[in-house]
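A.B. asks: The structure that follows is given in the form of C-alpha cells.
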Amino acid sequence: MIHFLYLVGFAVFVAIVFGSFYEGSTRQRVLYGLKTFLQFVGISLIIAWILYFIPW
Amino acid sequence: MSFLKENPVIVALLAWFFPGSGHVAQGRYIRGLVIGGAIWAMFIAAILSGGAYYPGFEFKDGQLLFLLNVFAKLGNGLGSIIAFLASVEPAPNMAALATFEYGGRFMEAAGLLNYLAMLDAVDINLGRKK
C-alpha cells in the first residue's frame, strides 16, 4: 500500500509544478495539472499490470 | 524588485538556492508559492523517508548513477545542504527502511523540478514568458 501512496504523492507534486509551468488561464493550468496527475497514475498502473504478466 | 530586471543570472541563482523564490522575487507570488510549496513538500517527504542517505554507496561503486544522483540532488539548492548535513551520520537501519529508495527518488525529483522552476523564472525575467 505504501508503494501506491508514494506513487500518488509523486504524481501530485509533479503535476502541481507542471501545471504551474503551463501557459494559459488558471482553469487551463488546473486542468493540465489534473490531466498530468491522472496520466502518471493511470500509465503506472497499466505498466504494473503488464509487468505482472511478464514471467521474470 | 527593480534590480532583478533583465538580470537572469541573479534570478537563476535565487531560484536555485531557494525553490519558489525566483518567481516570488519577480512578483509572481501565487505561482512562486505553489511551485516552492510543492518542491519543499516533496523535499521534506524525501528527508522523512530517509532519502538524504540515498544512494548509500561511495562514488567508486556507482559512478554514473552516483553522478546523476548528485546532479539531481544539487538542484534542491539550500535543500541539498540540508540533505548533506542530515546524511553525515546515518542511522544504522536507514538503508533497510522500506521508504529509503522512494525518499531517494523524491529527493532527485524535487531537485530536477527546481531546475525546471529555475528555467521558468529565467524565462519570465527575459520576457519569454508571462
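Letters for chains follow the order of the C-alpha cells (A, B, ...), residue numbers begin at 1 for each chain, and ligand numbers begin at 1 in the order shown.
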Which residues, written as a list in words, have at least one atom at most 10 Å from Val11 (chain B), with only C-alpha atoms counted and residues fewer than 2 positions away on the same chain left out?
C.D. replies: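 Once the adjacent positions are removed, what remains is Leu4, Lys5, Glu6, Asn7, Pro8, Val9, Leu13, Leu14, Ala15, Trp16, Phe17, Ser21, Gly22, His23, Ala25, Gln26, Met118, Leu119, Ala121, Val122, Asp123, Ile124 and Asn125 of chain B.
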A.B. asks: Can you build me a table of chain A residues sitting at most 10 Å from chain B, with the closest atom pair per residue and its distance in Å to one decimal, using only C-alpha atoms, sorted by chain and residue number, as JSON lines?
C.D. replies:
```
{"residue": "A:Ile2", "atom": "CA", "partner": "B:Thr99", "partner_atom": "CA", "distance": 8.3}
{"residue": "A:His3", "atom": "CA", "partner": "B:Tyr102", "partner_atom": "CA", "distance": 8.4}
{"residue": "A:Tyr6", "atom": "CA", "partner": "B:Tyr102", "partner_atom": "CA", "distance": 7.2}
{"residue": "A:Leu7", "atom": "CA", "partner": "B:Tyr102", "partner_atom": "CA", "distance": 9.1}
{"residue": "A:Gly9", "atom": "CA", "partner": "B:Met42", "partner_atom": "CA", "distance": 8.3}
{"residue": "A:Phe10", "atom": "CA", "partner": "B:Phe106", "partner_atom": "CA", "distance": 7.1}
{"residue": "A:Val12", "atom": "CA", "partner": "B:Ala38", "partner_atom": "CA", "distance": 8.6}
{"residue": "A:Phe13", "atom": "CA", "partner": "B:Ala38", "partner_atom": "CA", "distance": 5.4}
{"residue": "A:Val14", "atom": "CA", "partner": "B:Leu113", "partner_atom": "CA", "distance": 7.6}
{"residue": "A:Ala15", "atom": "CA", "partner": "B:Ala38", "partner_atom": "CA", "distance": 9.4}
{"residue": "A:Ile16", "atom": "CA", "partner": "B:Ala38", "partner_atom": "CA", "distance": 6.8}
{"residue": "A:Val17", "atom": "CA", "partner": "B:Ile35", "partner_atom": "CA", "distance": 5.3}
{"residue": "A:Phe18", "atom": "CA", "partner": "B:Leu113", "partner_atom": "CA", "distance": 8.7}
{"residue": "A:Gly19", "atom": "CA", "partner": "B:Ile35", "partner_atom": "CA", "distance": 9.3}
{"residue": "A:Ser20", "atom": "CA", "partner": "B:Arg31", "partner_atom": "CA", "distance": 6.3}
{"residue": "A:Phe21", "atom": "CA", "partner": "B:Asp120", "partner_atom": "CA", "distance": 7.1}
{"residue": "A:Glu23", "atom": "CA", "partner": "B:Lys130", "partner_atom": "CA", "distance": 8.0}
{"residue": "A:Gly24", "atom": "CA", "partner": "B:Lys130", "partner_atom": "CA", "distance": 9.5}
```
A.B. asks: Mind dumping the selected residues with C-alpha atoms as a compact mmCIF listing (two decimals), in the first residue's frame?
C.D. replies:
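Heads up, here's the output in selection.txt:
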```txt
# COMPACT_ATOMS: atom_id res chain seq x y z
CA ILE A 2 2.85 2.38 0.84
CA HIS A 3 4.18 1.95 -2.71
CA TYR A 6 4.31 7.17 -2.81
CA LEU A 7 3.24 6.89 -6.45
CA GLY A 9 2.32 11.59 -3.78
CA PHE A 10 4.92 11.78 -6.53
CA VAL A 12 0.53 15.06 -7.07
CA PHE A 13 3.71 17.10 -6.54
CA VAL A 14 4.96 16.79 -10.10
CA ALA A 15 1.51 17.57 -11.53
CA ILE A 16 1.25 20.72 -9.35
CA VAL A 17 4.61 22.01 -10.60
CA PHE A 18 3.92 21.09 -14.24
CA GLY A 19 0.51 22.75 -14.00
CA SER A 20 2.19 25.92 -12.72
CA PHE A 21 4.56 25.98 -15.70
CA GLU A 23 0.87 28.90 -20.03
CA GLY A 24 -2.81 29.77 -20.01
```
A.B. asks: Just list as number ranges by chain whatever in chain B DSSP marks as helix (DSSP H, G or I).
C.D. replies: B: 2-4, 8-17, 21-24, 29-48, 51-53, 59-62, 64-74, 78-86, 94-96, 100-125
A.B. asks: I'd like the neighbourhood of region 39-49 of chain A as a ChimeraX atom specification, where a residue qualifies if any of its atoms comes within 8 Å (using only C-alpha atoms), though same-chain residues fewer than 2 positions away should be ignored.
C.D. replies: /A:7-8,11,35-37,51-53
A.B. asks: Would you compute the distance between CA of Gly104 (chain B) and CA of Ala46 (chain B)? Give it in Å to one decimal.
C.D. replies: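 Here the two named atoms are 6.5 Å from each other.
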A.B. asks: What is the CA of Gly27 (chain B) to CA of Leu78 (chain B) distance in Å?
C.D. replies: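 CA of Gly27 (chain B) sits 21.4 Å away from CA of Leu78 (chain B).
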